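Q: Take a look at the following structure, please.
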Amino acid sequence: MNKFERIKAALNSKEVDRVPVSLWMHLSKDDINPGILADSQIEFTKKYDYDFIKLMPFGLYCVEDWGAQVQYFTRTNRPPIIKKYGIHSIEDWGKLKVLPAYYGTYGKQLQLAQYVSNRVKGELPFVQTIFSPLTVARKLAGDRILLDMKERPELLKNALEVITETTINFVKANIEAGVDGFFFATQCASYDLLTEEEYKIFGEPFDLKVIESYNKETFLNIVHIHGDKIMFDLIKDYPVNCLNWHDRWTAPSLAKARTLTNKCLLGGVREVPYYDENNRMIRNSLLIEGTVNEVENHVKEAIDEVGGKGLILGPGCVIDQATPEKSLFAVRRAVTSNQHTLT
């Protein structure tokens, strides 16, 4: 099987020669330059023989063009941070305008997709990372959004429409650039932040507008549910064909998720440290400190949870940039050594 065939088989819960796999991390030393980032991601994926590229624009690319001030460090494990939010008063939500995809920070991420497409189209599947409109709004304003949605709900919903249309502009341009799908990340579908009723008002309708703008145009469409205490039962029914969340440290497990949905599951690799009941770290990430055997066994456990079908092996979120090569190779080797269990 080539990488496209393998991914498509997993998406449809068909037999695979081995479980497809990919890992991804922020490349904060390179990610303000789309050409350099494209080269780094392609080199990384080919070196470890992973099955698809998740494009890794820095996480604040979606707010700078609306006035948020971002501080860059261009250093490993020092991602950009918000220096000043773009929303300072509740009235600022009414000032947002729909943006095109071809200039500013959005335009740079479009260039990233174009560079990757020019080099690997037809050889490696690749997906662009986009954020739910509510997630973008929270990145733009911070947690004041939780008060603004109560004080002026219609004003916020109008702003979310603007963000939605801007995201759709970006989506369409990425499809023209040749992406094979999208990694749609929601960082607000958590009971730690919102009730399900609140998410159905300020999250779900805008999420669906974005997803429906591409889900019939691309074949690898992933939704990432970020955080703890996630609204899995709500998001699992989105019109995508692959679900990703932190399955190794928040419910549901892969095995439980398989009883809840027939969609392809992307996960199985714990990307974060281990903590005790008092939230004190008791061990660093297995990828950072684990032995090769521990990493390989970790992968095999995940594959066995779902019998190797309808699974793409990957992390619950970004892995640490300090992950040693031995772990990166071990993850890839483990899916090959486990392929006998898939027949």
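Each chain in the structure tokens gets a letter, A, B, ..., in the order shown, and its residues are numbered from 1; ligands are numbered from 1 in order too.
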Any idea what's packed within 12 Å of A:Ser213, counting only C-alpha atoms, ignoring anything in its chain fewer than 2 positions away? Could you give it as a PyMOL selection string?

A: chain A and resi 164-175+181-182+206-211+215-218+221+239-240

Q: Would you mind listing what lies within 10 Å of stretch 133-143 of chain A as a compact mmCIF listing (two decimals) with C-alpha atoms, in the first residue's frame, with only C-alpha atoms counted and same-chain residues fewer than 3 positions away left out?

A:
```txt
# COMPACT_ATOMS: atom_id res chain seq x y z
CA GLY A 59 -1.16 28.54 16.93
CA LEU A 60 -1.80 32.31 16.82
CA TYR A 61 -1.74 32.74 13.04
CA CYS A 62 -5.51 33.23 13.06
CA VAL A 63 -5.60 36.43 15.17
CA GLU A 64 -2.73 38.69 14.14
CA TRP A 66 -7.34 41.31 13.39
CA GLY A 67 -4.94 43.36 15.49
CA ALA A 68 -3.62 40.96 18.10
CA GLN A 69 0.04 41.63 18.83
CA ILE A 82 0.04 36.96 22.73
CA LYS A 84 -1.65 42.21 23.41
CA TYR A 85 -5.13 40.91 22.63
CA GLY A 86 -7.04 42.22 19.63
CA ILE A 87 -10.29 42.70 21.56
CA HIS A 88 -10.17 45.25 24.40
CA SER A 89 -13.81 46.12 24.90
CA ILE A 90 -17.07 44.41 24.12
CA ASP A 92 -14.57 45.73 19.52
CA TRP A 93 -16.41 42.58 18.44
CA ILE A 130 -7.59 25.40 11.17
CA LEU A 146 -16.86 33.95 28.55
CA LEU A 147 -18.35 37.17 29.96
CA ASP A 148 -19.00 38.82 26.60
CA LEU A 156 -20.50 37.96 19.72
CA LYS A 157 -22.47 35.76 17.32
CA ALA A 159 -18.34 38.42 15.24
CA LEU A 160 -18.28 34.62 15.02
CA GLU A 161 -19.98 34.91 11.61
CA VAL A 162 -17.13 37.17 10.47
CA ILE A 163 -14.55 34.72 11.76
CA THR A 164 -16.43 31.86 10.09
CA GLU A 165 -16.45 33.58 6.69
CA THR A 166 -12.76 34.40 7.04
CA THR A 167 -11.98 30.78 7.90
CA ALA A 185 -9.23 22.07 16.17
CA THR A 186 -11.75 23.13 18.78
CA GLN A 187 -10.26 24.23 22.08
CA CYS A 188 -13.58 25.23 23.63
CA ALA A 189 -15.65 22.02 23.52
CA LEU A 193 -15.10 26.08 29.88
CA TYR A 199 -21.42 25.33 22.96
CA PHE A 202 -21.64 29.75 20.18
CA GLY A 203 -19.66 26.78 18.88
CA GLU A 204 -21.52 24.13 16.93
CA PRO A 205 -23.35 26.22 14.28
CA PHE A 206 -20.15 27.99 13.24
CA ASP A 207 -18.09 24.80 13.36
CA LYS A 209 -20.48 26.00 8.50
CA VAL A 210 -16.70 25.74 8.27
```

Q: From a DSSP pass on the backbone, collect the residues of stretch 159-231 of chain A flagged as strand (DSSP E) and hand them back as a list in words.

A: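 Going through stretch 159-231 of chain A, the strand (DSSP E) residues come out as Gly181, Phe182, Phe183, Phe184, Ala185, Thr186, Leu220, Asn221, Ile222, Val223, His224 and Ile225 of chain A.
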
Q: Please compute the atom CA of A:Val272-atom CA of A:Glu296 distance, one decimal, in Å.

A: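 These atoms are spaced 16.5 Å apart.
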
Q: Go through A:Glu197, A:Glu43, A:Asp180, A:Asp30 one by one, measure the shortest atom-to-atom distance of each to A:Thr129 using only C-alpha atoms, and give the residue with the smallest value.

A: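 Of the candidates, the smallest distance to A:Thr129 is held by A:Asp180.
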
Q: Report the distance between atom CA of A:Lys54 and atom CA of A:Lys29 in Å, rounded to one decimal place.

A: 17.2 Å

Q: Can you list, as a PyMOL selection string, every protein, DNA or RNA residue that comes within 9 Å of A:Asn241 when you count only C-alpha atoms, leaving out same-chain residues fewer than 5 positions away?

A: chain A and resi 11-12+215+219-223+263-265
